[in-house]
Amino acid sequence: MTSSFTRTLRFKVRSESYGWLGAAAVEVNQVFNFCNEAALLAATRTDLKRKWFTGFDLCNLTSGSSQYFERIGSDTIQRICVEYAQKRSAAKRRRLRWRISRGARRSLGWIPFKAASLKRKGRALRFCGKTFRIFEAERLNEVKWGQGCFAQDAVGDWWLCLPVELPVEQRPASEESVGIDLGLKDIAVTSDGERLEAGRFYRGIEARIAQAQRRGHRRQAKRLHRKAARRRADALHQFSRRIVNQYETIFVGDVSSQKLVRTRMAKSVLDSGWCMLKRMLQYKGEHAGRSVEVVSERNTTRACSVCGALLGPTGMDMLAVRHWECSECGAGHDRDHNAARNIRYVGLRTQASVCGNELWHDMIPVEQDRPVLVRHGWGACYATA
Ligand SMILES: [Zn+2]
């Protein structure tokens, strides 16, 4: 069991430092592009000196170069070399895209640094011989940070991103387990019937974005996009926090957004924030000592959560069916709520088979063409799926 975990805090930098940060970002781009060029040259040599540069090689190549830069120091240069080598290896390419400092296709500013080069000075911060002021500096009280970066967003504002170590808080949850179905109409529905409604983040903003774009106000449009994205993140944060506080074990369906992105549902999938929600549940759960598990979604929409009969709606074309009635037992179902309850059963059953717990609930047939045990109230009977 770990006693601490890492999360990244973001602080908005006060605008008086934007000029300096912008100029420093140009120097970062120069180092990055140097690495790019050197790595490409070394990788495409035809003699025996051909080499795939590592971060260590690039650090050696750039050592001592900080004297030629006005703002950034050797720690930033080393971080750029290491990050460059990692990105390039991950991309498996001989060179990456150049970082562009000027013009319309300018790269968003990025200035990495090592933990020791950022110092606290009262309410302000010192970095590379310059004093920075940030908003909400009190969040830095009593935390120890690792290597971080200054990063610029599409609107042009600068943010300080600092990974910090936080202790795991162990608080027992009031309830045992929950199943969560991820969907499009509602981003998430829990087995207890709680919903996170989709599509309300752009409400009222969409028209204003269109208007700004028509008038050629690109910066204003970007600002509105950022506003909608923040509203969505905020709703996801609140929802995931409630779930993690309330339940000990959390089961999430293994819905694959990658698969759905290729269908006509693409826009709503990309917009729904499933990945973000899953990630939040994962790290918040880890922080609170909860168990968060992904379970197979197979048949969870089709099966009746009362009797287990596979009589529900199925397939993409049936997505419009929001409510249905089980013709086997007569129970009325909300599509997503029913699926969430099934996800919880599947999760509990998978868990039970691991730890030998008798609390299993065998409602959902996993294999379609095999008779499965289904429990009806007191008795048990065999039903053919
Ligand atoms: Zn039924």
# chains A, B, ... in the order shown; residues from 1 in each chain; ligands from 1
call {"tool": "residues_near_ligand", "arguments": {"ligand": "ligand 1", "cutoff": "10 Å", "atoms": "only C-alpha atoms and all ligand atoms", "output": "ChimeraX atom specification"}}
result
/A:303-312,325-333
call {"tool": "write_last_selection", "arguments": {"atoms": "C-alpha atoms", "output": "short mmCIF file (atom, residue, chain, number, x, y, z; two decimals), in the first residue's frame"}}
result
data_model
loop_
_atom_site.label_atom_id
_atom_site.label_comp_id
_atom_site.auth_asym_id
_atom_site.auth_seq_id
_atom_site.Cartn_x
_atom_site.Cartn_y
_atom_site.Cartn_z
CA ALA A 303 -30.03 -8.09 -19.80
CA CYS A 304 -32.86 -7.34 -17.42
CA SER A 305 -31.38 -6.43 -14.05
CA VAL A 306 -34.27 -8.07 -12.23
CA CYS A 307 -34.53 -11.50 -13.87
CA GLY A 308 -31.50 -11.69 -16.18
CA ALA A 309 -33.40 -12.33 -19.41
CA LEU A 310 -31.65 -10.97 -22.51
CA LEU A 311 -34.64 -9.09 -23.84
CA GLY A 312 -33.49 -5.46 -23.78
CA GLU A 325 -40.18 -3.36 -20.25
CA CYS A 326 -38.95 -6.88 -19.62
CA SER A 327 -41.46 -9.30 -21.15
CA GLU A 328 -40.17 -12.09 -18.90
CA CYS A 329 -40.80 -10.53 -15.49
CA GLY A 330 -42.62 -7.34 -16.42
CA ALA A 331 -40.13 -4.95 -14.79
CA GLY A 332 -39.88 -1.50 -16.38
CA HIS A 333 -36.34 -0.26 -17.00
#
call {"tool": "closest_atom_pairs", "arguments": {"of": "segment 103-196 of chain A", "to": "segment 16-39 of chain A", "cutoff": "6 Å", "atoms": "only C-alpha atoms", "output": "Markdown table"}}
result
| residue | atom | partner | partner_atom | distance |
| --- | --- | --- | --- | --- |
| A:Gly109 | CA | A:Ala25 | CA | 5.3 |
| A:Trp110 | CA | A:Ala25 | CA | 5.9 |
| A:Ile111 | CA | A:Ala25 | CA | 5.9 |
call {"tool": "write_last_selection", "arguments": {"atoms": "N, CA, C and O atoms", "output": "PDB file, in the first residue's frame"}}
result
ATOM      1  N   GLY A 109       3.661  27.904 -25.729  1.00  0.00           N
ATOM      2  CA  GLY A 109       4.871  27.998 -24.919  1.00  0.00           C
ATOM      3  C   GLY A 109       4.998  26.897 -23.886  1.00  0.00           C
ATOM      4  O   GLY A 109       4.014  26.472 -23.289  1.00  0.00           O
ATOM      5  N   TRP A 110       6.239  26.444 -23.678  1.00  0.00           N
ATOM      6  CA  TRP A 110       6.498  25.365 -22.709  1.00  0.00           C
ATOM      7  C   TRP A 110       7.905  25.552 -22.153  1.00  0.00           C
ATOM      8  O   TRP A 110       8.853  25.684 -22.917  1.00  0.00           O
ATOM      9  N   ILE A 111       8.032  25.645 -20.832  1.00  0.00           N
ATOM     10  CA  ILE A 111       9.340  25.818 -20.200  1.00  0.00           C
ATOM     11  C   ILE A 111       9.469  24.835 -19.040  1.00  0.00           C
ATOM     12  O   ILE A 111       8.944  25.074 -17.956  1.00  0.00           O
TER      13      ILE A 111
END
call {"tool": "residues_around", "arguments": {"residues": "Val178 of chain A", "least_positions_apart": "6", "cutoff": "9 Å", "atoms": "only C-alpha atoms", "output": "ChimeraX atom specification"}}
result
/A:190-192,243,247-252,340-341,343-344
call {"tool": "atom_distance", "arguments": {"atom1": "atom CA of Glu165 of chain A", "atom2": "atom CA of Gly253 of chain A"}}
result
29.7 Å
call {"tool": "closest_residue", "arguments": {"among": "A:Lys92, A:Gln86, A:Val13, A:Ile180", "to": "Gly193 of chain A", "atoms": "only C-alpha atoms"}}
result
A:Ile180
call {"tool": "closest_residue", "arguments": {"among": "A:Ser117, A:Asn60, A:Asn338, A:Ser101", "to": "Gly148 of chain A", "atoms": "only C-alpha atoms"}}
result
A:Ser117
call {"tool": "residues_around", "arguments": {"residues": "Arg241 of chain A", "least_positions_apart": "2", "cutoff": "9 Å", "atoms": "only C-alpha atoms", "output": "PyMOL selection string"}}
result
chain A and resi 236-239+243-246+280-281+284-285
call {"tool": "select_by_dssp", "arguments": {"residues": "segment 84-215 of chain A", "states": "strand (DSSP E)", "output": "MDAnalysis selection string"}}
result
chainID A and resid 110:113 118:121 124:127 130:132 148:152 158:167 175:182 186:190 195:197
call {"tool": "closest_residue", "arguments": {"among": "A:Gly156, A:Pro172, A:Pro112, A:Gly146", "to": "Phe127 of chain A", "atoms": "only C-alpha atoms"}}
result
A:Pro112
call {"tool": "residues_around", "arguments": {"residues": "Phe113 of chain A", "least_positions_apart": "2", "cutoff": "9 Å", "atoms": "only C-alpha atoms", "output": "list in words"}}
result
Gly73, Asp75, Thr76, Ile77, Gln78, Arg79, Ile80, Ile111, Ala115, Ala116, Ser117, Leu118, Gln147, Gly148, Cys149 and Phe150 of chain A
call {"tool": "residues_around", "arguments": {"residues": "segment 218-228 of chain A", "least_positions_apart": "5", "cutoff": "7 Å", "atoms": "only C-alpha atoms", "output": "list in words"}}
result
Ala154, Val155, Phe201, Tyr202, Ile205, Ile209, Ala212 and Gln213 of chain A
call {"tool": "closest_residue", "arguments": {"among": "A:Ala339, A:Ala188, A:Leu96, A:Cys128", "to": "Ile72 of chain A", "atoms": "only C-alpha atoms"}}
result
A:Cys128
call {"tool": "atom_distance", "arguments": {"atom1": "atom CA of Ser15 of chain A", "atom2": "atom CA of Asp157 of chain A"}}
result
7.6 Å
call {"tool": "residues_around", "arguments": {"residues": "Arg14 of chain A", "least_positions_apart": "5", "cutoff": "12 Å", "atoms": "only C-alpha atoms", "output": "list in words"}}
result
Gly19, Trp20, Leu21, Ala124, Leu125, Thr131, Phe132, Arg133, Ile134, Phe135, Glu136, Ala137, Asp157, Trp158, Trp159 and Leu160 of chain A
call {"tool": "decode", "arguments": {"residues": "segment 187-210 of chain A", "atoms": "N, CA and C atoms", "output": "mmCIF file, in the first residue's frame"}}
result
data_model
loop_
_atom_site.group_PDB
_atom_site.id
_atom_site.type_symbol
_atom_site.label_atom_id
_atom_site.label_comp_id
_atom_site.auth_asym_id
_atom_site.auth_seq_id
_atom_site.Cartn_x
_atom_site.Cartn_y
_atom_site.Cartn_z
ATOM 1 N N ILE A 187 -23.666 11.377 -19.402
ATOM 2 C CA ILE A 187 -22.276 10.917 -19.436
ATOM 3 C C ILE A 187 -22.134 9.679 -18.569
ATOM 4 N N ALA A 188 -22.805 9.706 -17.419
ATOM 5 C CA ALA A 188 -22.706 8.566 -16.516
ATOM 6 C C ALA A 188 -24.001 8.414 -15.739
ATOM 7 N N VAL A 189 -24.391 7.151 -15.513
ATOM 8 C CA VAL A 189 -25.536 6.844 -14.662
ATOM 9 C C VAL A 189 -25.069 5.788 -13.677
ATOM 10 N N THR A 190 -25.386 5.959 -12.397
ATOM 11 C CA THR A 190 -24.936 4.965 -11.420
ATOM 12 C C THR A 190 -26.047 3.957 -11.161
ATOM 13 N N SER A 191 -25.676 2.832 -10.529
ATOM 14 C CA SER A 191 -26.668 1.799 -10.246
ATOM 15 C C SER A 191 -27.673 2.284 -9.207
ATOM 16 N N ASP A 192 -27.373 3.387 -8.514
ATOM 17 C CA ASP A 192 -28.349 3.946 -7.589
ATOM 18 C C ASP A 192 -29.184 5.039 -8.253
ATOM 19 N N GLY A 193 -28.998 5.209 -9.559
ATOM 20 C CA GLY A 193 -29.860 6.114 -10.307
ATOM 21 C C GLY A 193 -29.378 7.554 -10.385
ATOM 22 N N GLU A 194 -28.151 7.826 -9.902
ATOM 23 C CA GLU A 194 -27.648 9.193 -10.017
ATOM 24 C C GLU A 194 -27.140 9.432 -11.440
ATOM 25 N N ARG A 195 -27.369 10.645 -11.958
ATOM 26 C CA ARG A 195 -27.019 10.921 -13.348
ATOM 27 C C ARG A 195 -26.085 12.117 -13.474
ATOM 28 N N LEU A 196 -25.208 12.037 -14.477
ATOM 29 C CA LEU A 196 -24.416 13.204 -14.856
ATOM 30 C C LEU A 196 -24.816 13.535 -16.285
ATOM 31 N N GLU A 197 -25.578 14.595 -16.416
ATOM 32 C CA GLU A 197 -26.168 14.957 -17.697
ATOM 33 C C GLU A 197 -25.095 15.457 -18.667
ATOM 34 N N ALA A 198 -25.240 15.092 -19.938
ATOM 35 C CA ALA A 198 -24.255 15.541 -20.932
ATOM 36 C C ALA A 198 -24.762 16.784 -21.643
ATOM 37 N N GLY A 199 -23.852 17.447 -22.317
ATOM 38 C CA GLY A 199 -24.247 18.488 -23.248
ATOM 39 C C GLY A 199 -24.648 19.812 -22.648
ATOM 40 N N ARG A 200 -24.560 19.948 -21.325
ATOM 41 C CA ARG A 200 -25.012 21.226 -20.778
ATOM 42 C C ARG A 200 -23.857 22.205 -20.642
ATOM 43 N N PHE A 201 -22.648 21.732 -20.972
ATOM 44 C CA PHE A 201 -21.472 22.591 -20.779
ATOM 45 C C PHE A 201 -21.400 23.677 -21.839
ATOM 46 N N TYR A 202 -21.948 23.338 -23.032
ATOM 47 C CA TYR A 202 -21.910 24.312 -24.125
ATOM 48 C C TYR A 202 -23.184 25.142 -24.168
ATOM 49 N N ARG A 203 -24.122 24.813 -23.284
ATOM 50 C CA ARG A 203 -25.402 25.507 -23.303
ATOM 51 C C ARG A 203 -25.195 27.016 -23.163
ATOM 52 N N GLY A 204 -25.690 27.752 -24.120
ATOM 53 C CA GLY A 204 -25.541 29.205 -24.064
ATOM 54 C C GLY A 204 -24.217 29.680 -24.618
ATOM 55 N N ILE A 205 -23.208 28.800 -24.605
ATOM 56 C CA ILE A 205 -21.885 29.218 -25.077
ATOM 57 C C ILE A 205 -21.770 28.997 -26.582
ATOM 58 N N GLU A 206 -22.429 27.934 -27.064
ATOM 59 C CA GLU A 206 -22.330 27.573 -28.477
ATOM 60 C C GLU A 206 -22.681 28.754 -29.390
ATOM 61 N N ALA A 207 -23.786 29.406 -29.067
ATOM 62 C CA ALA A 207 -24.231 30.529 -29.896
ATOM 63 C C ALA A 207 -23.210 31.662 -29.858
ATOM 64 N N ARG A 208 -22.620 31.863 -28.684
ATOM 65 C CA ARG A 208 -21.652 32.954 -28.567
ATOM 66 C C ARG A 208 -20.351 32.628 -29.303
ATOM 67 N N ILE A 209 -19.978 31.324 -29.323
ATOM 68 C CA ILE A 209 -18.779 30.924 -30.068
ATOM 69 C C ILE A 209 -19.002 31.175 -31.557
ATOM 70 N N ALA A 210 -20.179 30.770 -32.044
ATOM 71 C CA ALA A 210 -20.497 30.967 -33.465
ATOM 72 C C ALA A 210 -20.448 32.446 -33.815
#
